[in-house]
Amino acid sequence: MEIDLSPQLAKKVYEGNGGSYYAWSPSELPMLREGNIAAAKLALQKNGFALPHYSDSSKVAYVLQGSGVAGVVLPEAEEKVVAIKKGDALALPFGVVTWWYNKEDTELVVLFLGDTSKAHKTGEFTDFFLTGANGIFTGFSTEFVGRAWDLEEKDVKTLIGNQSGKGIVKLEGNINLPEPKEEHRKGMALNCEEAPLDVDIKNGGRVVVLNTKNLPLVGEVGLGADLVRLDGKAMCSPGFSCDSAYQVTYIVRGSGRAQVVGVDGRRVLETTVKAGNLFIVPRFFVVSKIADPDGLEWFSIITTPNPVFTHLAGSIGAWKALSPTVLQASFNVDAELEQLFRSKRNADAIFFPPPN
């Protein structure tokens, strides 16, 4: 049975008075289940607070909009309080407790992409909240809570009774959350919009790759990631992940056209992608994109911490490595046409500027 690769938008799962949580459903995007991948978005309004929780999946978080504060507690470690802003990426391994807060007027929007191979539900994140009306704390009896935290029954009832919000709340009054510390950012976050470029092609595009060198925690997460910005009408070379990885792509800005070719040379997807879309390229399938005039920007995770891609066109394309006679025999053409084919794209790699 063929799997539908069509890009999809996220749908609202729940909301509180401080914001909303959105997710992509495996029933609408079957590749999530096929690839053991999940995707979700957190949107916090001013003073919105996502209560402390942990997940059954390792994730990469990417800040799509706004700025705020993230609290991160690694297993058996102190709390890291990190200032976050648009373009920041954070790697969140298993067992990490996080909370998120927005004190600014602009909505804070964070994308989560992760691996669900060990999750309760394939293709979905399951979060376990420490507090709130649906928190683990409220699930235990007053006796167990009292014994565990050495509290009197009246204090336990007050603690549990005051937890009316679920997942996301709005902070009121004079509560001052901890201030972020600059030293806590080191090793926890990398801003993809400010990091050194791994690829920079004039009038073509730019890439920043997250890997174990610039964000070591991605090794624990088991995922790689990149931010790609394609200039107006430029093309991204047809290519595939040659290490058996899935590529999960979220369109951050702009629009463009995408084609995916799979087994037996069949084009399995031809579509227009736009901001907010998520789509997944199966293992070894070849994908290419052409940006519309305003450009195209996307953030991707790859299901390996140090991904390797093979590009089929351009100066580093696989065709360039093959012998002329092999190409001639493969295409069943004469030497003149093979030479013409080989002579093209000798100066361009990965991204191709628009034709003159």
# chains A, B, ... in the order shown; residues from 1 in each chain; ligands from 1
$ residues_around --residues "segment 30-35 of chain A" --least-positions-apart "3" --cutoff "7 Å" --atoms "only C-alpha atoms" --output "NGL selection string"
:A and (3-5 or 26-27 or 38 or 122-123 or 246 or 280)
$ write_last_selection --atoms "C-alpha atoms" --output "mmCIF file, in the first residue's frame"
data_model
loop_
_atom_site.group_PDB
_atom_site.id
_atom_site.type_symbol
_atom_site.label_atom_id
_atom_site.label_comp_id
_atom_site.auth_asym_id
_atom_site.auth_seq_id
_atom_site.Cartn_x
_atom_site.Cartn_y
_atom_site.Cartn_z
ATOM 1 C CA ILE A 3 1.848 5.971 1.828
ATOM 2 C CA ASP A 4 0.563 9.508 1.370
ATOM 3 C CA LEU A 5 3.502 11.949 1.540
ATOM 4 C CA PRO A 26 -0.082 9.926 12.265
ATOM 5 C CA SER A 27 -3.562 9.287 10.874
ATOM 6 C CA ALA A 38 6.597 12.873 15.993
ATOM 7 C CA THR A 122 4.339 5.416 17.466
ATOM 8 C CA GLY A 123 4.373 8.792 15.731
ATOM 9 C CA TYR A 246 14.396 9.782 7.324
ATOM 10 C CA ILE A 280 8.713 13.505 5.514
#
$ select_by_dssp --residues "segment 220-338 of chain A" --states "helix (DSSP H, G or I)" --output "list in words"
Glu220, Val221, Val263, Asp264, Gly265, Ala318, Trp319, Lys320, Ala321, Pro324, Thr325, Val326, Leu327, Gln328, Ala329, Ser330, Phe331, Ala335, Glu336, Leu337 and Glu338 of chain A
$ write_last_selection --atoms "N, CA and C atoms" --output "PDB file, in the first residue's frame"
ATOM      1  N   GLU A 220      23.250  12.440  22.119  1.00  0.00           N
ATOM      2  CA  GLU A 220      22.369  11.716  23.045  1.00  0.00           C
ATOM      3  C   GLU A 220      20.953  11.601  22.492  1.00  0.00           C
ATOM      4  N   VAL A 221      20.533  12.620  21.752  1.00  0.00           N
ATOM      5  CA  VAL A 221      19.199  12.607  21.163  1.00  0.00           C
ATOM      6  C   VAL A 221      19.138  11.625  19.998  1.00  0.00           C
ATOM      7  N   VAL A 263      11.015   4.407  -5.455  1.00  0.00           N
ATOM      8  CA  VAL A 263      11.364   3.127  -6.075  1.00  0.00           C
ATOM      9  C   VAL A 263      10.854   3.077  -7.512  1.00  0.00           C
ATOM     10  N   ASP A 264      11.656   2.454  -8.378  1.00  0.00           N
ATOM     11  CA  ASP A 264      11.317   2.282  -9.795  1.00  0.00           C
ATOM     12  C   ASP A 264      11.175   3.616 -10.529  1.00  0.00           C
ATOM     13  N   GLY A 265      11.843   4.647 -10.025  1.00  0.00           N
ATOM     14  CA  GLY A 265      11.828   5.938 -10.700  1.00  0.00           C
ATOM     15  C   GLY A 265      10.475   6.619 -10.706  1.00  0.00           C
ATOM     16  N   ALA A 318      26.887  12.869  -7.638  1.00  0.00           N
ATOM     17  CA  ALA A 318      27.375  11.502  -7.831  1.00  0.00           C
ATOM     18  C   ALA A 318      27.707  11.214  -9.293  1.00  0.00           C
ATOM     19  N   TRP A 319      26.978  11.862 -10.217  1.00  0.00           N
ATOM     20  CA  TRP A 319      27.248  11.632 -11.634  1.00  0.00           C
ATOM     21  C   TRP A 319      28.673  12.031 -12.001  1.00  0.00           C
ATOM     22  N   LYS A 320      29.205  13.077 -11.353  1.00  0.00           N
ATOM     23  CA  LYS A 320      30.547  13.556 -11.693  1.00  0.00           C
ATOM     24  C   LYS A 320      31.615  12.519 -11.366  1.00  0.00           C
ATOM     25  N   ALA A 321      31.332  11.637 -10.431  1.00  0.00           N
ATOM     26  CA  ALA A 321      32.322  10.650 -10.009  1.00  0.00           C
ATOM     27  C   ALA A 321      32.365   9.428 -10.931  1.00  0.00           C
ATOM     28  N   PRO A 324      33.174   8.503 -17.735  1.00  0.00           N
ATOM     29  CA  PRO A 324      32.406   8.937 -18.924  1.00  0.00           C
ATOM     30  C   PRO A 324      31.758   7.788 -19.672  1.00  0.00           C
ATOM     31  N   THR A 325      32.495   6.690 -19.835  1.00  0.00           N
ATOM     32  CA  THR A 325      31.920   5.580 -20.581  1.00  0.00           C
ATOM     33  C   THR A 325      30.799   4.897 -19.808  1.00  0.00           C
ATOM     34  N   VAL A 326      30.889   4.916 -18.484  1.00  0.00           N
ATOM     35  CA  VAL A 326      29.797   4.364 -17.670  1.00  0.00           C
ATOM     36  C   VAL A 326      28.540   5.207 -17.860  1.00  0.00           C
ATOM     37  N   LEU A 327      28.695   6.530 -17.853  1.00  0.00           N
ATOM     38  CA  LEU A 327      27.555   7.409 -18.087  1.00  0.00           C
ATOM     39  C   LEU A 327      26.981   7.195 -19.481  1.00  0.00           C
ATOM     40  N   GLN A 328      27.860   7.126 -20.462  1.00  0.00           N
ATOM     41  CA  GLN A 328      27.417   6.964 -21.841  1.00  0.00           C
ATOM     42  C   GLN A 328      26.616   5.674 -22.007  1.00  0.00           C
ATOM     43  N   ALA A 329      27.138   4.598 -21.415  1.00  0.00           N
ATOM     44  CA  ALA A 329      26.439   3.323 -21.502  1.00  0.00           C
ATOM     45  C   ALA A 329      25.132   3.335 -20.715  1.00  0.00           C
ATOM     46  N   SER A 330      25.147   3.988 -19.567  1.00  0.00           N
ATOM     47  CA  SER A 330      23.959   4.021 -18.713  1.00  0.00           C
ATOM     48  C   SER A 330      22.821   4.801 -19.355  1.00  0.00           C
ATOM     49  N   PHE A 331      23.159   5.954 -19.941  1.00  0.00           N
ATOM     50  CA  PHE A 331      22.141   6.789 -20.578  1.00  0.00           C
ATOM     51  C   PHE A 331      21.816   6.329 -22.006  1.00  0.00           C
ATOM     52  N   ALA A 335      28.888   9.976 -27.217  1.00  0.00           N
ATOM     53  CA  ALA A 335      29.895  10.644 -26.391  1.00  0.00           C
ATOM     54  C   ALA A 335      29.668  12.142 -26.329  1.00  0.00           C
ATOM     55  N   GLU A 336      29.157  12.726 -27.396  1.00  0.00           N
ATOM     56  CA  GLU A 336      28.951  14.181 -27.441  1.00  0.00           C
ATOM     57  C   GLU A 336      27.925  14.624 -26.401  1.00  0.00           C
ATOM     58  N   LEU A 337      26.817  13.909 -26.307  1.00  0.00           N
ATOM     59  CA  LEU A 337      25.793  14.283 -25.333  1.00  0.00           C
ATOM     60  C   LEU A 337      26.277  14.001 -23.910  1.00  0.00           C
ATOM     61  N   GLU A 338      27.030  12.922 -23.729  1.00  0.00           N
ATOM     62  CA  GLU A 338      27.585  12.645 -22.401  1.00  0.00           C
ATOM     63  C   GLU A 338      28.509  13.770 -21.964  1.00  0.00           C
TER      64      GLU A 338
END
$ select_by_dssp --residues "segment 200-254 of chain A" --states "strand (DSSP E or B)" --output "PyMOL selection string"
chain A and resi 200-201+205-210+224-230+235-241+247-254
$ write_last_selection --atoms "N, CA and C atoms" --output "PDB file, in the first residue's frame"
ATOM      1  N   ASP A 200      27.285  28.162   1.753  1.00  0.00           N
ATOM      2  CA  ASP A 200      26.853  29.517   1.398  1.00  0.00           C
ATOM      3  C   ASP A 200      27.068  29.716  -0.100  1.00  0.00           C
ATOM      4  N   ILE A 201      25.988  29.652  -0.865  1.00  0.00           N
ATOM      5  CA  ILE A 201      26.044  29.784  -2.312  1.00  0.00           C
ATOM      6  C   ILE A 201      25.351  31.083  -2.709  1.00  0.00           C
ATOM      7  N   GLY A 205      21.678  29.559  -1.808  1.00  0.00           N
ATOM      8  CA  GLY A 205      21.133  29.284  -0.494  1.00  0.00           C
ATOM      9  C   GLY A 205      22.209  29.078   0.541  1.00  0.00           C
ATOM     10  N   ARG A 206      21.780  28.906   1.783  1.00  0.00           N
ATOM     11  CA  ARG A 206      22.682  28.770   2.913  1.00  0.00           C
ATOM     12  C   ARG A 206      22.187  27.646   3.824  1.00  0.00           C
ATOM     13  N   VAL A 207      23.131  26.987   4.494  1.00  0.00           N
ATOM     14  CA  VAL A 207      22.800  25.878   5.393  1.00  0.00           C
ATOM     15  C   VAL A 207      23.613  25.994   6.676  1.00  0.00           C
ATOM     16  N   VAL A 208      22.945  25.755   7.797  1.00  0.00           N
ATOM     17  CA  VAL A 208      23.620  25.531   9.078  1.00  0.00           C
ATOM     18  C   VAL A 208      23.221  24.142   9.552  1.00  0.00           C
ATOM     19  N   VAL A 209      24.207  23.310   9.835  1.00  0.00           N
ATOM     20  CA  VAL A 209      23.966  21.926  10.240  1.00  0.00           C
ATOM     21  C   VAL A 209      24.210  21.774  11.738  1.00  0.00           C
ATOM     22  N   LEU A 210      23.255  21.176  12.443  1.00  0.00           N
ATOM     23  CA  LEU A 210      23.443  20.817  13.851  1.00  0.00           C
ATOM     24  C   LEU A 210      23.987  19.406  13.916  1.00  0.00           C
ATOM     25  N   GLY A 224      20.147  14.447  13.900  1.00  0.00           N
ATOM     26  CA  GLY A 224      20.825  15.607  13.347  1.00  0.00           C
ATOM     27  C   GLY A 224      19.769  16.601  12.886  1.00  0.00           C
ATOM     28  N   ALA A 225      20.164  17.819  12.594  1.00  0.00           N
ATOM     29  CA  ALA A 225      19.203  18.835  12.153  1.00  0.00           C
ATOM     30  C   ALA A 225      19.920  19.872  11.310  1.00  0.00           C
ATOM     31  N   ASP A 226      19.136  20.592  10.509  1.00  0.00           N
ATOM     32  CA  ASP A 226      19.720  21.708   9.765  1.00  0.00           C
ATOM     33  C   ASP A 226      18.659  22.756   9.472  1.00  0.00           C
ATOM     34  N   LEU A 227      19.138  23.983   9.256  1.00  0.00           N
ATOM     35  CA  LEU A 227      18.303  25.089   8.815  1.00  0.00           C
ATOM     36  C   LEU A 227      18.777  25.463   7.423  1.00  0.00           C
ATOM     37  N   VAL A 228      17.869  25.428   6.467  1.00  0.00           N
ATOM     38  CA  VAL A 228      18.207  25.726   5.075  1.00  0.00           C
ATOM     39  C   VAL A 228      17.411  26.946   4.627  1.00  0.00           C
ATOM     40  N   ARG A 229      18.110  27.912   4.010  1.00  0.00           N
ATOM     41  CA  ARG A 229      17.462  29.095   3.449  1.00  0.00           C
ATOM     42  C   ARG A 229      17.769  29.152   1.964  1.00  0.00           C
ATOM     43  N   LEU A 230      16.753  28.980   1.158  1.00  0.00           N
ATOM     44  CA  LEU A 230      16.882  28.941  -0.295  1.00  0.00           C
ATOM     45  C   LEU A 230      16.415  30.284  -0.849  1.00  0.00           C
ATOM     46  N   MET A 235      17.196  26.587  -6.668  1.00  0.00           N
ATOM     47  CA  MET A 235      16.855  25.165  -6.601  1.00  0.00           C
ATOM     48  C   MET A 235      17.798  24.437  -5.666  1.00  0.00           C
ATOM     49  N   CYS A 236      17.270  23.498  -4.918  1.00  0.00           N
ATOM     50  CA  CYS A 236      18.081  22.596  -4.105  1.00  0.00           C
ATOM     51  C   CYS A 236      18.282  21.311  -4.896  1.00  0.00           C
ATOM     52  N   SER A 237      19.536  20.921  -5.070  1.00  0.00           N
ATOM     53  CA  SER A 237      19.884  19.765  -5.890  1.00  0.00           C
ATOM     54  C   SER A 237      19.141  18.514  -5.447  1.00  0.00           C
ATOM     55  N   PRO A 238      18.694  17.700  -6.404  1.00  0.00           N
ATOM     56  CA  PRO A 238      18.135  16.388  -6.028  1.00  0.00           C
ATOM     57  C   PRO A 238      19.166  15.593  -5.212  1.00  0.00           C
ATOM     58  N   GLY A 239      18.716  15.049  -4.099  1.00  0.00           N
ATOM     59  CA  GLY A 239      19.637  14.306  -3.242  1.00  0.00           C
ATOM     60  C   GLY A 239      18.896  13.371  -2.310  1.00  0.00           C
ATOM     61  N   PHE A 240      19.653  12.510  -1.650  1.00  0.00           N
ATOM     62  CA  PHE A 240      19.049  11.554  -0.717  1.00  0.00           C
ATOM     63  C   PHE A 240      19.985  11.318   0.455  1.00  0.00           C
ATOM     64  N   SER A 241      19.399  10.879   1.567  1.00  0.00           N
ATOM     65  CA  SER A 241      20.179  10.506   2.740  1.00  0.00           C
ATOM     66  C   SER A 241      20.719   9.104   2.508  1.00  0.00           C
ATOM     67  N   GLN A 247      14.149  12.078   6.560  1.00  0.00           N
ATOM     68  CA  GLN A 247      14.307  13.525   6.643  1.00  0.00           C
ATOM     69  C   GLN A 247      12.930  14.134   6.899  1.00  0.00           C
ATOM     70  N   VAL A 248      12.809  14.832   8.025  1.00  0.00           N
ATOM     71  CA  VAL A 248      11.551  15.435   8.456  1.00  0.00           C
ATOM     72  C   VAL A 248      11.681  16.941   8.296  1.00  0.00           C
ATOM     73  N   THR A 249      10.867  17.541   7.437  1.00  0.00           N
ATOM     74  CA  THR A 249      11.042  18.937   7.056  1.00  0.00           C
ATOM     75  C   THR A 249       9.839  19.778   7.447  1.00  0.00           C
ATOM     76  N   TYR A 250      10.114  20.873   8.153  1.00  0.00           N
ATOM     77  CA  TYR A 250       9.091  21.864   8.513  1.00  0.00           C
ATOM     78  C   TYR A 250       9.391  23.155   7.755  1.00  0.00           C
ATOM     79  N   ILE A 251       8.413  23.660   7.038  1.00  0.00           N
ATOM     80  CA  ILE A 251       8.598  24.891   6.272  1.00  0.00           C
ATOM     81  C   ILE A 251       8.419  26.089   7.217  1.00  0.00           C
ATOM     82  N   VAL A 252       9.518  26.803   7.439  1.00  0.00           N
ATOM     83  CA  VAL A 252       9.519  27.929   8.375  1.00  0.00           C
ATOM     84  C   VAL A 252       8.957  29.195   7.721  1.00  0.00           C
ATOM     85  N   ARG A 253       9.357  29.439   6.490  1.00  0.00           N
ATOM     86  CA  ARG A 253       8.983  30.694   5.825  1.00  0.00           C
ATOM     87  C   ARG A 253       8.964  30.479   4.313  1.00  0.00           C
ATOM     88  N   GLY A 254       8.108  31.259   3.626  1.00  0.00           N
ATOM     89  CA  GLY A 254       8.082  31.243   2.174  1.00  0.00           C
ATOM     90  C   GLY A 254       7.294  30.075   1.612  1.00  0.00           C
TER      91      GLY A 254
END
$ residues_around --residues "segment 76-86 of chain A" --least-positions-apart "5" --cutoff "7 Å" --atoms "only C-alpha atoms" --output "MDAnalysis selection string"
chainID A and resid 63:71 179:181 184:185
$ residues_around --residues "segment 158-170 of chain A" --least-positions-apart "3" --cutoff "9 Å" --atoms "only C-alpha atoms" --output "PyMOL selection string"
chain A and resi 14-21+44-53+129+131-135+137-138+142+153-155
$ closest_residue --among "A:Leu171, A:Ala91, A:Leu130, A:Ala61" --to "Ala39 of chain A" --atoms "only C-alpha atoms"
A:Ala61
$ closest_residue --among "A:Arg283, A:Lys274, A:Lys344, A:Lys12" --to "Thr304 of chain A" --atoms "only C-alpha atoms"
A:Arg283
$ atom_distance --atom1 "atom CA of Lys157 of chain A" --atom2 "atom CA of Asp56 of chain A"
28.8 Å
$ atom_distance --atom1 "atom CA of Val261 of chain A" --atom2 "atom CA of Glu124 of chain A"
26.5 Å
$ decode --residues "segment 292-312 of chain A" --atoms "N, CA and C atoms" --output "PDB file, in the first residue's frame"
ATOM      1  N   ASP A 292       9.845  29.663  -4.516  1.00  0.00           N
ATOM      2  CA  ASP A 292       9.092  30.722  -5.173  1.00  0.00           C
ATOM      3  C   ASP A 292       9.888  32.035  -5.083  1.00  0.00           C
ATOM      4  N   PRO A 293       9.430  33.109  -5.746  1.00  0.00           N
ATOM      5  CA  PRO A 293      10.219  34.354  -5.777  1.00  0.00           C
ATOM      6  C   PRO A 293      10.623  34.904  -4.419  1.00  0.00           C
ATOM      7  N   ASP A 294       9.808  34.685  -3.386  1.00  0.00           N
ATOM      8  CA  ASP A 294      10.136  35.228  -2.053  1.00  0.00           C
ATOM      9  C   ASP A 294      11.073  34.327  -1.254  1.00  0.00           C
ATOM     10  N   GLY A 295      11.498  33.201  -1.816  1.00  0.00           N
ATOM     11  CA  GLY A 295      12.418  32.310  -1.122  1.00  0.00           C
ATOM     12  C   GLY A 295      11.696  31.240  -0.320  1.00  0.00           C
ATOM     13  N   LEU A 296      12.484  30.330   0.221  1.00  0.00           N
ATOM     14  CA  LEU A 296      11.949  29.185   0.966  1.00  0.00           C
ATOM     15  C   LEU A 296      12.929  28.829   2.079  1.00  0.00           C
ATOM     16  N   GLU A 297      12.416  28.703   3.287  1.00  0.00           N
ATOM     17  CA  GLU A 297      13.253  28.367   4.445  1.00  0.00           C
ATOM     18  C   GLU A 297      12.642  27.180   5.171  1.00  0.00           C
ATOM     19  N   TRP A 298      13.496  26.198   5.520  1.00  0.00           N
ATOM     20  CA  TRP A 298      12.965  25.052   6.246  1.00  0.00           C
ATOM     21  C   TRP A 298      13.944  24.574   7.316  1.00  0.00           C
ATOM     22  N   PHE A 299      13.371  23.937   8.351  1.00  0.00           N
ATOM     23  CA  PHE A 299      14.142  23.314   9.419  1.00  0.00           C
ATOM     24  C   PHE A 299      13.853  21.830   9.370  1.00  0.00           C
ATOM     25  N   SER A 300      14.906  21.018   9.369  1.00  0.00           N
ATOM     26  CA  SER A 300      14.746  19.571   9.238  1.00  0.00           C
ATOM     27  C   SER A 300      15.474  18.843  10.350  1.00  0.00           C
ATOM     28  N   ILE A 301      14.931  17.700  10.725  1.00  0.00           N
ATOM     29  CA  ILE A 301      15.713  16.735  11.497  1.00  0.00           C
ATOM     30  C   ILE A 301      15.972  15.532  10.607  1.00  0.00           C
ATOM     31  N   ILE A 302      17.081  14.879  10.849  1.00  0.00           N
ATOM     32  CA  ILE A 302      17.459  13.661  10.159  1.00  0.00           C
ATOM     33  C   ILE A 302      17.701  12.624  11.242  1.00  0.00           C
ATOM     34  N   THR A 303      17.206  11.422  11.033  1.00  0.00           N
ATOM     35  CA  THR A 303      17.206  10.427  12.113  1.00  0.00           C
ATOM     36  C   THR A 303      18.562   9.746  12.291  1.00  0.00           C
ATOM     37  N   THR A 304      19.593  10.551  12.332  1.00  0.00           N
ATOM     38  CA  THR A 304      20.948  10.133  12.683  1.00  0.00           C
ATOM     39  C   THR A 304      21.694  11.392  13.114  1.00  0.00           C
ATOM     40  N   PRO A 305      22.582  11.327  14.113  1.00  0.00           N
ATOM     41  CA  PRO A 305      23.187  12.554  14.653  1.00  0.00           C
ATOM     42  C   PRO A 305      24.183  13.236  13.722  1.00  0.00           C
ATOM     43  N   ASN A 306      24.785  12.499  12.798  1.00  0.00           N
ATOM     44  CA  ASN A 306      25.742  13.094  11.859  1.00  0.00           C
ATOM     45  C   ASN A 306      25.397  12.627  10.448  1.00  0.00           C
ATOM     46  N   PRO A 307      24.369  13.239   9.859  1.00  0.00           N
ATOM     47  CA  PRO A 307      23.837  12.754   8.593  1.00  0.00           C
ATOM     48  C   PRO A 307      24.808  12.923   7.423  1.00  0.00           C
ATOM     49  N   VAL A 308      24.656  12.047   6.438  1.00  0.00           N
ATOM     50  CA  VAL A 308      25.450  12.097   5.215  1.00  0.00           C
ATOM     51  C   VAL A 308      24.485  12.092   4.035  1.00  0.00           C
ATOM     52  N   PHE A 309      24.627  13.081   3.138  1.00  0.00           N
ATOM     53  CA  PHE A 309      23.764  13.177   1.974  1.00  0.00           C
ATOM     54  C   PHE A 309      24.557  12.954   0.700  1.00  0.00           C
ATOM     55  N   THR A 310      23.900  12.364  -0.278  1.00  0.00           N
ATOM     56  CA  THR A 310      24.454  12.256  -1.622  1.00  0.00           C
ATOM     57  C   THR A 310      23.617  13.127  -2.543  1.00  0.00           C
ATOM     58  N   HIS A 311      24.289  14.078  -3.216  1.00  0.00           N
ATOM     59  CA  HIS A 311      23.602  14.937  -4.178  1.00  0.00           C
ATOM     60  C   HIS A 311      23.873  14.411  -5.577  1.00  0.00           C
ATOM     61  N   LEU A 312      22.838  14.439  -6.407  1.00  0.00           N
ATOM     62  CA  LEU A 312      22.945  13.842  -7.729  1.00  0.00           C
ATOM     63  C   LEU A 312      23.339  14.855  -8.800  1.00  0.00           C
TER      64      LEU A 312
END
